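**Student:** Sending over final-v1.tsv (TSV, C-alpha atoms and all ligand atoms).
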```tsv
chain	number	residue	atom	x	y	z
A	401	MET	CA	131.81	83.82	88.83
A	402	ALA	CA	129.58	85.76	91.19
A	403	ILE	CA	125.93	86.80	91.30
A	404	LEU	CA	125.35	90.52	91.86
A	405	VAL	CA	122.28	91.24	94.00
A	406	LEU	CA	121.15	94.86	93.81
A	407	GLY	CA	118.99	95.80	96.76
A	408	GLY	CA	120.34	92.79	98.68
A	409	ALA	CA	119.89	94.57	102.03
A	410	GLY	CA	116.12	94.87	101.58
A	411	TYR	CA	113.45	92.42	102.61
A	412	ILE	CA	113.19	90.04	99.63
A	413	GLY	CA	116.76	90.79	98.52
A	414	SER	CA	118.31	89.82	101.86
A	415	HIS	CA	116.37	86.55	101.95
A	416	THR	CA	117.48	85.74	98.40
A	417	VAL	CA	121.10	86.44	99.36
A	418	TYR	CA	120.76	83.98	102.26
A	419	GLU	CA	119.40	81.27	99.95
A	420	LEU	CA	122.11	81.93	97.35
A	421	VAL	CA	124.90	81.78	99.95
A	422	GLU	CA	123.38	78.67	101.54
A	423	ALA	CA	123.33	77.09	98.05
A	424	GLY	CA	127.09	77.69	97.83
A	425	ARG	CA	126.97	80.61	95.35
A	426	ASP	CA	129.48	83.46	95.35
A	427	VAL	CA	127.40	86.59	96.09
A	428	VAL	CA	128.08	90.32	95.73
A	429	VAL	CA	125.53	92.74	97.22
A	430	ALA	CA	125.06	96.40	96.31
A	431	ASP	CA	122.56	98.50	98.22
A	432	ASN	CA	122.33	102.23	98.92
A	433	LEU	CA	120.88	101.46	102.40
A	434	VAL	CA	118.09	104.02	101.92
A	435	THR	CA	115.45	101.43	102.77
A	436	GLY	CA	117.68	98.40	103.34
A	437	PHE	CA	119.71	97.39	106.40
A	438	ARG	CA	123.41	96.51	106.51
A	439	ALA	CA	122.66	93.97	109.25
A	440	ALA	CA	120.37	92.08	106.85
A	441	VAL	CA	123.23	91.26	104.48
A	442	HIS	CA	124.64	87.76	104.85
A	443	PRO	CA	128.18	87.96	106.32
A	444	LYS	CA	129.54	85.79	103.48
A	445	ALA	CA	128.35	88.20	100.75
A	446	ARG	CA	130.74	90.97	99.60
A	447	PHE	CA	128.95	94.25	100.28
A	448	TYR	CA	129.13	97.56	98.39
A	449	GLN	CA	127.18	100.58	99.55
A	450	ALA	CA	126.20	101.86	96.13
A	451	ASP	CA	123.22	103.34	94.31
A	452	ILE	CA	122.03	101.93	90.96
A	453	ARG	CA	121.56	105.52	89.74
A	454	ASP	CA	125.30	106.07	90.19
A	455	ARG	CA	126.75	104.81	86.90
A	456	ALA	CA	130.36	105.16	88.07
A	457	ALA	CA	129.63	103.08	91.19
A	458	MET	CA	127.96	100.38	89.09
A	459	ASP	CA	130.85	100.37	86.61
A	460	ALA	CA	133.34	100.02	89.47
A	461	ILE	CA	131.54	96.90	90.77
A	462	PHE	CA	131.39	95.27	87.34
A	463	GLU	CA	135.09	96.05	86.85
A	464	ARG	CA	136.19	94.70	90.23
A	465	GLU	CA	133.97	91.61	90.37
A	466	SER	CA	133.45	88.83	87.89
A	467	ILE	CA	129.64	88.87	87.51
A	468	GLU	CA	127.73	86.20	85.59
A	469	GLY	CA	124.22	87.36	86.39
A	470	VAL	CA	122.29	90.10	88.17
A	471	VAL	CA	119.31	89.90	90.51
A	472	HIS	CA	117.69	93.32	90.74
A	473	PHE	CA	115.57	94.29	93.78
A	474	ALA	CA	116.71	97.92	94.04
A	475	ALA	CA	113.49	99.92	93.81
A	476	PHE	CA	111.02	101.85	95.91
A	477	SER	CA	107.94	99.76	96.65
A	478	GLN	CA	105.37	101.68	98.71
A	479	VAL	CA	102.10	101.96	96.81
A	480	GLY	CA	100.79	104.94	98.83
A	481	GLU	CA	104.02	106.91	98.49
A	482	SER	CA	104.08	106.24	94.74
A	483	MET	CA	100.69	107.95	94.47
A	484	SER	CA	101.76	111.05	96.37
A	485	ASN	CA	105.27	111.25	94.91
A	486	PRO	CA	105.23	109.56	91.47
A	487	LEU	CA	108.43	111.17	90.21
A	488	LYS	CA	110.39	109.65	93.10
A	489	TYR	CA	109.33	106.28	91.68
A	490	TYR	CA	110.07	107.12	88.05
A	491	GLU	CA	113.45	108.53	89.03
A	492	ASN	CA	114.61	105.61	91.15
A	493	ASN	CA	112.87	102.63	89.60
A	494	LEU	CA	113.17	103.64	85.94
A	495	SER	CA	116.18	105.87	85.59
A	496	GLY	CA	118.05	103.67	88.10
A	497	THR	CA	117.31	100.58	86.02
A	498	CYS	CA	118.34	102.49	82.91
A	499	GLN	CA	121.78	103.26	84.43
A	500	LEU	CA	122.13	99.67	85.58
A	501	LEU	CA	121.34	98.20	82.15
A	502	GLN	CA	123.81	100.58	80.51
A	503	SER	CA	126.51	99.52	82.94
A	504	MET	CA	125.69	95.82	82.41
A	505	ALA	CA	125.86	96.23	78.62
A	506	ALA	CA	129.18	98.05	78.87
A	507	HIS	CA	130.62	95.14	80.83
A	508	GLY	CA	129.13	92.30	78.81
A	509	VAL	CA	126.73	91.10	81.53
A	510	ASP	CA	123.52	90.02	79.80
A	511	LYS	CA	121.36	88.13	82.32
A	512	ILE	CA	119.02	89.72	84.84
A	513	VAL	CA	116.25	88.49	87.13
A	514	PHE	CA	114.18	91.29	88.57
A	515	SER	CA	111.35	92.06	90.95
A	516	SER	CA	108.06	92.82	89.34
A	517	THR	CA	104.70	92.74	91.05
A	518	ALA	CA	101.06	91.72	90.98
A	519	ALA	CA	100.42	95.49	90.92
A	520	THR	CA	101.23	95.38	87.18
A	521	TYR	CA	97.78	93.82	86.64
A	522	GLY	CA	95.64	96.38	88.46
A	523	GLU	CA	92.04	95.30	89.13
A	524	PRO	CA	91.91	91.76	87.67
A	525	GLU	CA	89.11	90.67	85.36
A	526	GLN	CA	89.57	87.07	86.51
A	527	VAL	CA	91.26	85.22	89.39
A	528	PRO	CA	93.51	83.31	89.58
A	529	ILE	CA	95.53	85.72	87.47
A	530	VAL	CA	97.64	84.29	84.66
A	531	GLU	CA	100.62	86.06	83.10
A	532	SER	CA	98.73	86.76	79.87
A	533	ALA	CA	96.03	88.76	81.73
A	534	PRO	CA	95.76	92.47	80.83
A	535	THR	CA	98.23	94.75	82.62
A	536	CYS	CA	96.54	97.94	83.72
A	537	PRO	CA	98.15	99.19	86.96
A	538	THR	CA	96.00	101.19	89.38
A	539	ASN	CA	99.00	102.79	91.08
A	540	CYS	CA	102.26	104.42	90.06
A	541	TYR	CA	104.39	101.77	91.75
A	542	GLY	CA	102.87	99.07	89.51
A	543	GLU	CA	103.20	101.38	86.51
A	544	THR	CA	106.97	101.79	87.05
A	545	LYS	CA	107.43	98.03	87.47
A	546	LEU	CA	105.53	97.38	84.24
A	547	ALA	CA	107.66	100.03	82.52
A	548	MET	CA	110.77	98.22	83.81
A	549	GLU	CA	109.50	95.04	82.18
A	550	HIS	CA	108.99	96.91	78.91
A	551	MET	CA	112.42	98.53	79.18
A	552	MET	CA	114.02	95.07	79.48
A	553	ARG	CA	112.07	93.84	76.46
A	554	TRP	CA	113.24	96.67	74.20
A	555	VAL	CA	116.82	96.45	75.44
A	556	SER	CA	116.72	92.71	74.86
A	557	GLN	CA	115.66	93.25	71.25
A	558	ALA	CA	118.39	95.81	70.77
A	559	ASN	CA	121.39	94.13	72.40
A	560	GLY	CA	120.50	90.57	73.40
A	561	LEU	CA	119.92	91.13	77.14
A	562	ARG	CA	118.02	88.19	78.66
A	563	TYR	CA	115.65	88.74	81.56
A	564	VAL	CA	113.12	87.11	83.83
A	565	ALA	CA	110.50	89.30	85.52
A	566	LEU	CA	109.02	87.79	88.68
A	567	ARG	CA	105.61	89.19	89.54
A	568	TYR	CA	105.27	88.69	93.28
A	569	PHE	CA	101.94	88.62	95.05
A	570	ASN	CA	102.06	89.40	98.82
A	571	ALA	CA	105.55	88.65	100.11
A	572	CYS	CA	105.60	87.75	103.80
A	573	GLY	CA	107.21	85.57	106.47
A	574	ALA	CA	110.83	85.49	107.56
A	575	HIS	CA	113.90	83.27	107.32
A	576	PRO	CA	113.02	80.15	109.38
A	577	SER	CA	116.08	80.79	111.62
A	578	GLY	CA	114.59	84.15	112.69
A	579	VAL	CA	117.93	85.86	111.92
A	580	ILE	CA	116.49	88.15	109.23
A	581	GLY	CA	112.93	89.27	108.56
A	582	GLU	CA	110.67	92.01	107.31
A	583	ALA	CA	111.40	95.58	108.39
A	584	HIS	CA	110.22	98.75	106.69
A	585	ASN	CA	110.31	102.25	108.03
A	586	PRO	CA	107.53	103.28	108.18
A	587	GLU	CA	105.81	99.88	108.09
A	588	SER	CA	102.75	99.69	105.85
A	589	HIS	CA	102.28	95.97	105.22
A	590	LEU	CA	99.54	93.94	106.81
A	591	ILE	CA	101.39	91.04	108.47
A	592	PRO	CA	104.23	93.07	110.06
A	593	ILE	CA	101.66	95.54	111.41
A	594	ILE	CA	99.52	92.74	112.86
A	595	LEU	CA	102.61	91.25	114.53
A	596	GLN	CA	103.65	94.65	115.86
A	597	VAL	CA	100.31	94.68	117.67
A	598	ALA	CA	101.08	91.21	119.01
A	599	ASN	CA	104.57	92.23	120.20
A	600	GLY	CA	103.26	95.38	121.88
A	601	THR	CA	104.77	97.96	119.48
A	602	ARG	CA	101.27	99.05	118.33
A	603	LYS	CA	97.91	99.13	120.07
A	604	GLN	CA	95.65	97.87	117.27
A	605	ILE	CA	95.39	97.01	113.59
A	606	SER	CA	93.13	99.03	111.27
A	607	ILE	CA	91.24	96.94	108.73
A	608	PHE	CA	91.10	99.03	105.56
A	609	GLY	CA	87.49	98.55	104.47
A	610	ASP	CA	84.98	95.76	105.17
A	611	ASP	CA	82.59	96.51	102.31
A	612	TYR	CA	84.43	94.77	99.46
A	613	PRO	CA	82.63	92.08	97.44
A	614	THR	CA	84.50	89.24	99.23
A	615	ARG	CA	83.39	86.50	101.67
A	616	ASP	CA	83.74	88.72	104.78
A	617	GLY	CA	83.95	92.14	103.11
A	618	THR	CA	87.73	92.54	103.55
A	619	CYS	CA	90.32	92.35	100.78
A	620	VAL	CA	91.65	89.00	99.61
A	621	ARG	CA	95.37	88.56	98.95
A	622	ASP	CA	97.67	85.70	98.00
A	623	TYR	CA	100.40	85.53	100.69
A	624	ILE	CA	103.66	83.94	99.60
A	625	HIS	CA	106.61	83.16	101.86
A	626	VAL	CA	109.76	85.19	101.21
A	627	THR	CA	111.96	82.08	101.24
A	628	ASP	CA	109.80	80.57	98.49
A	629	LEU	CA	110.24	83.80	96.53
A	630	ALA	CA	113.98	83.63	97.14
A	631	GLN	CA	114.12	80.08	95.75
A	632	ALA	CA	112.26	81.22	92.64
A	633	HIS	CA	115.01	83.81	91.98
A	634	ILE	CA	117.67	81.09	92.07
A	635	LEU	CA	115.63	78.91	89.71
A	636	ALA	CA	115.11	81.88	87.36
A	637	LEU	CA	118.80	82.71	87.41
A	638	ASP	CA	119.74	79.11	86.62
A	639	TYR	CA	117.12	79.11	83.86
A	640	LEU	CA	118.81	82.12	82.24
A	641	LEU	CA	122.30	80.71	82.80
A	642	ALA	CA	121.15	77.51	81.05
A	643	GLY	CA	120.07	79.58	78.03
A	644	GLY	CA	116.39	80.16	78.87
A	645	GLU	CA	114.62	82.90	76.95
A	646	ASN	CA	113.01	86.10	78.29
A	647	ASN	CA	110.06	85.28	80.50
A	648	VAL	CA	107.55	86.58	83.04
A	649	PHE	CA	106.29	84.49	85.97
A	650	ASN	CA	103.70	85.01	88.69
A	651	LEU	CA	104.73	83.92	92.17
A	652	GLY	CA	101.97	83.20	94.66
A	653	ASN	CA	100.35	80.26	96.46
A	654	GLY	CA	97.14	80.34	94.43
A	655	VAL	CA	95.09	80.69	97.63
A	656	GLY	CA	93.51	83.89	98.89
A	657	PHE	CA	92.96	84.98	102.49
A	658	THR	CA	90.92	87.94	103.67
A	659	VAL	CA	92.40	90.56	106.00
A	660	LYS	CA	90.16	89.23	108.80
A	661	GLU	CA	91.33	85.65	108.18
A	662	VAL	CA	94.96	86.75	108.44
A	663	ILE	CA	94.27	88.54	111.73
A	664	ASP	CA	92.49	85.45	113.12
A	665	ALA	CA	95.38	83.21	112.06
A	666	ALA	CA	97.84	85.58	113.76
A	667	ARG	CA	95.79	85.44	116.98
A	668	ARG	CA	95.99	81.65	116.81
A	669	VAL	CA	99.73	81.53	116.07
A	670	THR	CA	100.85	84.19	118.57
A	671	GLY	CA	98.31	83.61	121.35
A	672	HIS	CA	97.78	87.40	121.55
A	673	PRO	CA	94.33	89.01	121.26
A	674	ILE	CA	95.40	91.57	118.52
A	675	PRO	CA	92.65	94.24	118.73
A	676	ALA	CA	91.32	95.28	115.29
A	677	VAL	CA	89.14	98.20	114.16
A	678	VAL	CA	87.49	98.75	110.81
A	679	SER	CA	88.57	101.94	109.08
A	680	PRO	CA	87.96	103.38	105.58
A	681	ARG	CA	89.25	101.71	102.42
A	682	ARG	CA	92.81	102.50	101.33
A	683	ALA	CA	93.01	104.15	97.89
A	684	GLY	CA	94.09	101.89	95.04
A	685	ASP	CA	93.40	98.52	96.76
A	686	PRO	CA	91.89	95.89	94.41
A	687	ALA	CA	89.31	93.65	96.18
A	688	GLN	CA	91.00	90.39	95.29
A	689	LEU	CA	94.45	89.33	94.01
A	690	ILE	CA	95.19	85.62	93.61
A	691	ALA	CA	97.95	84.20	91.43
A	692	SER	CA	98.14	81.29	89.11
A	693	SER	CA	101.78	80.22	89.45
A	694	GLN	CA	101.38	77.21	87.21
A	695	LYS	CA	103.82	78.64	84.68
A	696	ALA	CA	106.62	79.04	87.28
A	697	MET	CA	105.96	75.48	88.44
A	698	ASP	CA	105.98	74.07	84.90
A	699	VAL	CA	108.89	76.04	83.43
A	700	LEU	CA	111.12	76.69	86.45
A	701	GLY	CA	110.14	73.66	88.55
A	702	TRP	CA	109.22	76.00	91.42
A	703	LYS	CA	107.26	74.59	94.34
A	704	PRO	CA	106.45	76.71	97.40
A	705	GLU	CA	107.53	74.98	100.62
A	706	TYR	CA	106.04	77.32	103.20
A	707	ALA	CA	102.57	77.60	101.73
A	708	ALA	CA	100.43	77.23	104.88
A	709	LEU	CA	99.33	80.57	106.34
A	710	ASP	CA	100.12	79.43	109.90
A	711	THR	CA	103.66	78.46	108.82
A	712	ILE	CA	104.14	81.84	107.17
A	713	LEU	CA	102.91	83.60	110.29
A	714	SER	CA	104.96	81.51	112.69
A	715	THR	CA	108.21	82.29	110.81
A	716	ALA	CA	107.27	85.99	110.74
A	717	TRP	CA	106.43	85.83	114.47
A	718	LYS	CA	109.81	84.27	115.25
A	719	TRP	CA	111.40	87.41	113.76
A	720	HIS	CA	108.97	90.00	115.14
A	721	SER	CA	108.86	88.57	118.65
A	722	THR	CA	112.66	88.62	118.90
A	723	HIS	CA	113.24	91.90	116.98
A	724	PRO	CA	110.51	94.31	118.14
A	725	ASP	CA	112.57	97.21	116.73
A	726	GLY	CA	113.45	95.40	113.50
A	727	TYR	CA	117.14	95.90	112.70
A	728	GLY	CA	117.16	98.96	114.96
A	729	ALA	CA	117.83	96.70	117.94
A	730	GLU	CA	121.03	95.24	116.44
A	801	LIG	N1	95.74	96.27	105.16
A	801	LIG	C1	94.93	96.58	106.24
A	801	LIG	N2	95.50	97.27	107.28
A	801	LIG	C2	96.80	97.64	107.32
A	801	LIG	C3	97.62	97.29	106.22
A	801	LIG	C4	97.06	96.61	105.14
A	801	LIG	O1	93.74	96.28	106.26
A	801	LIG	O2	97.23	98.27	108.30
A	801	LIG	C5	95.15	95.53	104.03
A	801	LIG	C6	95.30	96.23	102.70
A	801	LIG	O3	94.21	97.10	102.47
A	801	LIG	C7	95.32	95.04	101.72
A	801	LIG	C8	95.96	93.91	102.53
A	801	LIG	O4	95.86	94.32	103.91
A	801	LIG	O5	94.01	94.66	101.40
A	801	LIG	C9	97.42	93.70	102.20
A	801	LIG	O6	98.07	94.96	102.23
A	801	LIG	P1	99.64	95.12	102.16
A	801	LIG	O7	99.96	96.58	102.29
A	801	LIG	O8	100.30	94.19	103.13
A	801	LIG	O9	100.03	94.59	100.71
A	801	LIG	P2	99.49	95.01	99.23
A	801	LIG	O10	98.34	94.09	98.95
A	801	LIG	O11	99.14	96.45	99.25
A	801	LIG	O12	100.66	94.70	98.37
```
Before anything else, please render the file you have as structure tokens.
**Tutor:**
Amino acid sequence: MAILVLGGAGYIGSHTVYELVEAGRDVVVADNLVTGFRAAVHPKARFYQADIRDRAAMDAIFERESIEGVVHFAAFSQVGESMSNPLKYYENNLSGTCQLLQSMAAHGVDKIVFSSTAATYGEPEQVPIVESAPTCPTNCYGETKLAMEHMMRWVSQANGLRYVALRYFNACGAHPSGVIGEAHNPESHLIPIILQVANGTRKQISIFGDDYPTRDGTCVRDYIHVTDLAQAHILALDYLLAGGENNVFNLGNGVGFTVKEVIDAARRVTGHPIPAVVSPRRAGDPAQLIASSQKAMDVLGWKPEYAALDTILSTAWKWHSTHPDGYGAE
């Protein structure tokens, strides 16, 4: 039996496929390659270029392959774009998931692990954030992910689907081999942008606001290595395969770093000066997001291996220093 990874050519998806293959699992990847890269897909995974909104394409995969569980990453994930073009997010993230769940039900596949996000919480009342905290997204991206969680819950009640939602904090880092890494076009995430300054692709990094109520005025985030996230997906899948019930887990390190601290760490790790300028706040940014991942540790037995910020940055630097054009150079 195989695991179907939707969005397996994207950043977190491709790293999860690598961990699954390296763990000896049989893996099928479907990705429409709108934001993902064919070169990011592990050569041992069977690849289908397909869109989750295309019911016939999904049906064809479930008919051809023997799928025991689904890992679902196929979604748009840019906060800023979700604010300017909300319907793009509803259409892909929600109606795509709707098509997918219909196709799964029609083929008797009833287990799904899927990407959710810390953005489902919005501005937290307390940190570290626990899963029972109020969910009040401040952007449309988080709203669609929360709606996906709710969709799974209702479908589960109706037809017995079982799901695990993984609420990621700030995914970062790269496969320790440096073979795959983070690449978005355009890039909007902090660590890749910092490292693009270090590798000479950009001149400077803009710090979005230094007047937040934090220790140095810049936003605090919980940075979690992509390989640790990938391992959590395997644990969640095995939890469902072993009969585990519907669940939601935060995934973070439980430690927050400011934007300035991340830039300083990157200077240390890369040996490059990395010029930075302070610019206005970015709309929709909460001051501080830090996870409690105690539940994932207790229930799934998850334990992040690449928790140190310098380790995260050095794996990311291995990728960015050797792939200045991302997958474009392949
Ligand atoms: N950030 C920044 N400059 C950039 C990109 C991001 O100062 O060029 C800040 C951003 O405001 C946030 C943090 O870095 O406080 C992490 O942003 P990112 O987009 O990586 O992830 P998010 O927290 O939005 O998921």
**Student:** I'd like a table as a tab-separated table: residues in chain A with an atom no more than 7 Å from ligand LIG 801 (chain A), each row giving the shortest atom pair and its distance in Å to one decimal, all atoms listed in the file counted, sorted by chain and rising residue number.
**Tutor:**
```
residue	atom	partner	partner_atom	distance
A:Val479	CA	A:LIG801	O11	6.7
A:Asn570	CA	A:LIG801	O12	5.5
A:Ser588	CA	A:LIG801	O7	5.5
A:His589	CA	A:LIG801	O8	3.4
A:Leu590	CA	A:LIG801	O8	3.8
A:Ile591	CA	A:LIG801	O8	6.3
A:Ile593	CA	A:LIG801	O2	6.1
A:Ile605	CA	A:LIG801	O2	5.7
A:Ser606	CA	A:LIG801	N2	5.0
A:Ile607	CA	A:LIG801	O1	3.6
A:Phe608	CA	A:LIG801	O1	3.9
A:Gly609	CA	A:LIG801	O1	6.9
A:Thr618	CA	A:LIG801	O5	7.0
A:Cys619	CA	A:LIG801	O5	4.4
A:Val620	CA	A:LIG801	O5	6.4
A:Arg621	CA	A:LIG801	O10	6.3
A:Val659	CA	A:LIG801	O4	5.5
A:Arg681	CA	A:LIG801	O3	6.8
A:Arg682	CA	A:LIG801	O3	5.7
A:Asp685	CA	A:LIG801	O3	5.9
```
**Student:** Keeping only C-alpha atoms, write the selected residues to a file as a compact mmCIF listing (two decimals), in the frame of the given file.
**Tutor:**
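Result saved to result-v6.txt:
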```txt
# COMPACT_ATOMS: atom_id res chain seq x y z
CA VAL A 479 102.10 101.96 96.81
CA ASN A 570 102.06 89.40 98.82
CA SER A 588 102.75 99.69 105.85
CA HIS A 589 102.28 95.97 105.22
CA LEU A 590 99.54 93.94 106.81
CA ILE A 591 101.39 91.04 108.47
CA ILE A 593 101.66 95.54 111.41
CA ILE A 605 95.39 97.01 113.59
CA SER A 606 93.13 99.03 111.27
CA ILE A 607 91.24 96.94 108.73
CA PHE A 608 91.10 99.03 105.56
CA GLY A 609 87.49 98.55 104.47
CA THR A 618 87.73 92.54 103.55
CA CYS A 619 90.32 92.35 100.78
CA VAL A 620 91.65 89.00 99.61
CA ARG A 621 95.37 88.56 98.95
CA VAL A 659 92.40 90.56 106.00
CA ARG A 681 89.25 101.71 102.42
CA ARG A 682 92.81 102.50 101.33
CA ASP A 685 93.40 98.52 96.76
```
**Student:** Mind checking which residues fall within 12 Å of region 454-458 of chain A, counting only C-alpha atoms, ignoring those fewer than 3 positions away in the same chain, and posting them as a ChimeraX atom specification?
**Tutor:** /A:404-406,429-432,448-451,461-465,467,470,492,495-507
**Student:** Go ahead and write the selection's residues with C-alpha atoms as an mmCIF file, in the frame of the given file.
**Tutor:**
```
data_model
loop_
_atom_site.group_PDB
_atom_site.id
_atom_site.type_symbol
_atom_site.label_atom_id
_atom_site.label_comp_id
_atom_site.auth_asym_id
_atom_site.auth_seq_id
_atom_site.Cartn_x
_atom_site.Cartn_y
_atom_site.Cartn_z
ATOM 1 C CA LEU A 404 125.350 90.520 91.860
ATOM 2 C CA VAL A 405 122.280 91.240 94.000
ATOM 3 C CA LEU A 406 121.150 94.860 93.810
ATOM 4 C CA VAL A 429 125.530 92.740 97.220
ATOM 5 C CA ALA A 430 125.060 96.400 96.310
ATOM 6 C CA ASP A 431 122.560 98.500 98.220
ATOM 7 C CA ASN A 432 122.330 102.230 98.920
ATOM 8 C CA TYR A 448 129.130 97.560 98.390
ATOM 9 C CA GLN A 449 127.180 100.580 99.550
ATOM 10 C CA ALA A 450 126.200 101.860 96.130
ATOM 11 C CA ASP A 451 123.220 103.340 94.310
ATOM 12 C CA ILE A 461 131.540 96.900 90.770
ATOM 13 C CA PHE A 462 131.390 95.270 87.340
ATOM 14 C CA GLU A 463 135.090 96.050 86.850
ATOM 15 C CA ARG A 464 136.190 94.700 90.230
ATOM 16 C CA GLU A 465 133.970 91.610 90.370
ATOM 17 C CA ILE A 467 129.640 88.870 87.510
ATOM 18 C CA VAL A 470 122.290 90.100 88.170
ATOM 19 C CA ASN A 492 114.610 105.610 91.150
ATOM 20 C CA SER A 495 116.180 105.870 85.590
ATOM 21 C CA GLY A 496 118.050 103.670 88.100
ATOM 22 C CA THR A 497 117.310 100.580 86.020
ATOM 23 C CA CYS A 498 118.340 102.490 82.910
ATOM 24 C CA GLN A 499 121.780 103.260 84.430
ATOM 25 C CA LEU A 500 122.130 99.670 85.580
ATOM 26 C CA LEU A 501 121.340 98.200 82.150
ATOM 27 C CA GLN A 502 123.810 100.580 80.510
ATOM 28 C CA SER A 503 126.510 99.520 82.940
ATOM 29 C CA MET A 504 125.690 95.820 82.410
ATOM 30 C CA ALA A 505 125.860 96.230 78.620
ATOM 31 C CA ALA A 506 129.180 98.050 78.870
ATOM 32 C CA HIS A 507 130.620 95.140 80.830
#
```
**Student:** Rounded to one decimal place, report the CA of Pro486 (chain A)-CA of Leu651 (chain A) distance in Å.
**Tutor:**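 Going from CA of Pro486 (chain A) over to CA of Leu651 (chain A), I get 25.7 Å.
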**Student:** Residues near Gln604 (chain A), anyone? I mean within 12 Å using only C-alpha atoms, not counting same-chain ones fewer than 5 positions away, as a ChimeraX atom specification.
**Tutor:** /A:590,593-599,663,672-679
**Student:** Using all atoms listed in the file, which of A:Pro443, A:Asp664, A:Ile412, A:Asp725 sits nearest Arg602 (chain A)?
**Tutor:**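 That would be A:Asp725, the residue with the smallest distance to Arg602 (chain A).
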**Student:** Can you measure CA of Ala642 (chain A) to CA of Val699 (chain A) for me? One decimal in Å is fine.
**Tutor:**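 It comes out at 12.6 Å.
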**Student:** Which is closest to Asn647 (chain A) among A:Val626, A:Ala445, A:Leu487, A:Met552, if we use only C-alpha atoms?
**Tutor:** A:Met552
**Student:** Using all atoms listed in the file, determine which residues lie at most 10 Å from Asn585 (chain A), disregarding the query and same-chain residues fewer than 5 positions distant; provide the list as an NGL selection string.
**Tutor:** :A and (435-436 or 726)
**Student:** List the spatial neighbours of Pro686 (chain A) as a list in words - criterion: any atom at most 8 Å away, only C-alpha atoms, same-chain residues fewer than 4 positions off excluded.
**Tutor:**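 Here the qualifying residues turn out to be Gly522, Glu523, Pro524 and Cys619 of chain A.
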**Student:** Write to file, as a tab-separated table (two decimals), in the coordinates of the input, the residues of the selection just made, with C-alpha atoms.
**Tutor:**
```
chain	number	residue	atom	x	y	z
A	522	GLY	CA	95.64	96.38	88.46
A	523	GLU	CA	92.04	95.30	89.13
A	524	PRO	CA	91.91	91.76	87.67
A	619	CYS	CA	90.32	92.35	100.78
```
**Student:** Could you name the residues that touch Ala691 (chain A) at 9 Å or less, counting only C-alpha atoms, but leaving out those on the same chain fewer than 5 positions away, as a PyMOL selection string?
**Tutor:** chain A and resi 518+527-531+568-569+622+650-656
**Student:** Find the residue from A:Met401, A:Val441, A:Val579, A:Val509 that sits nearest to Asp459 (chain A); use only C-alpha atoms when measuring.
**Tutor:** A:Val509
**Student:** Mind pulling up the distance from CA of Tyr489 (chain A) to CA of Leu546 (chain A)?
**Tutor:**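 Computed distance, CA of Leu546 (chain A) to CA of Tyr489 (chain A), equals 12.2 Å.
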**Student:** Given the choices A:Cys540, A:Val427, A:Ala636, A:Val662, which gets closest to Arg562 (chain A) if the distance is worked out from all atoms listed in the file?
**Tutor:** A:Ala636
**Student:** Between A:Leu635, A:His625, A:Ala716, A:Ile690, which is the closest to Pro704 (chain A) once you count only C-alpha atoms?
**Tutor:**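 Looking at the shortest contact to Pro704 (chain A), the residue is A:His625.
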**Student:** Box in all listed atoms of region 438-454 of chain A, axis-aligned, with 3 Å more on each side; write out centre and edge lengths in Å to one decimal as AutoDock Vina command-line options.
**Tutor:**
```
--center_x 125.6 --center_y 95.9 --center_z 99.5 --size_x 16.4 --size_y 26.3 --size_z 25.5
```
**Student:** Using all atoms listed in the file, which residue out of A:His720, A:His550, A:Tyr706, A:Ala440 lies closest to Thr601 (chain A)?
**Tutor:**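 Of the candidates, the smallest distance to Thr601 (chain A) is held by A:His720.
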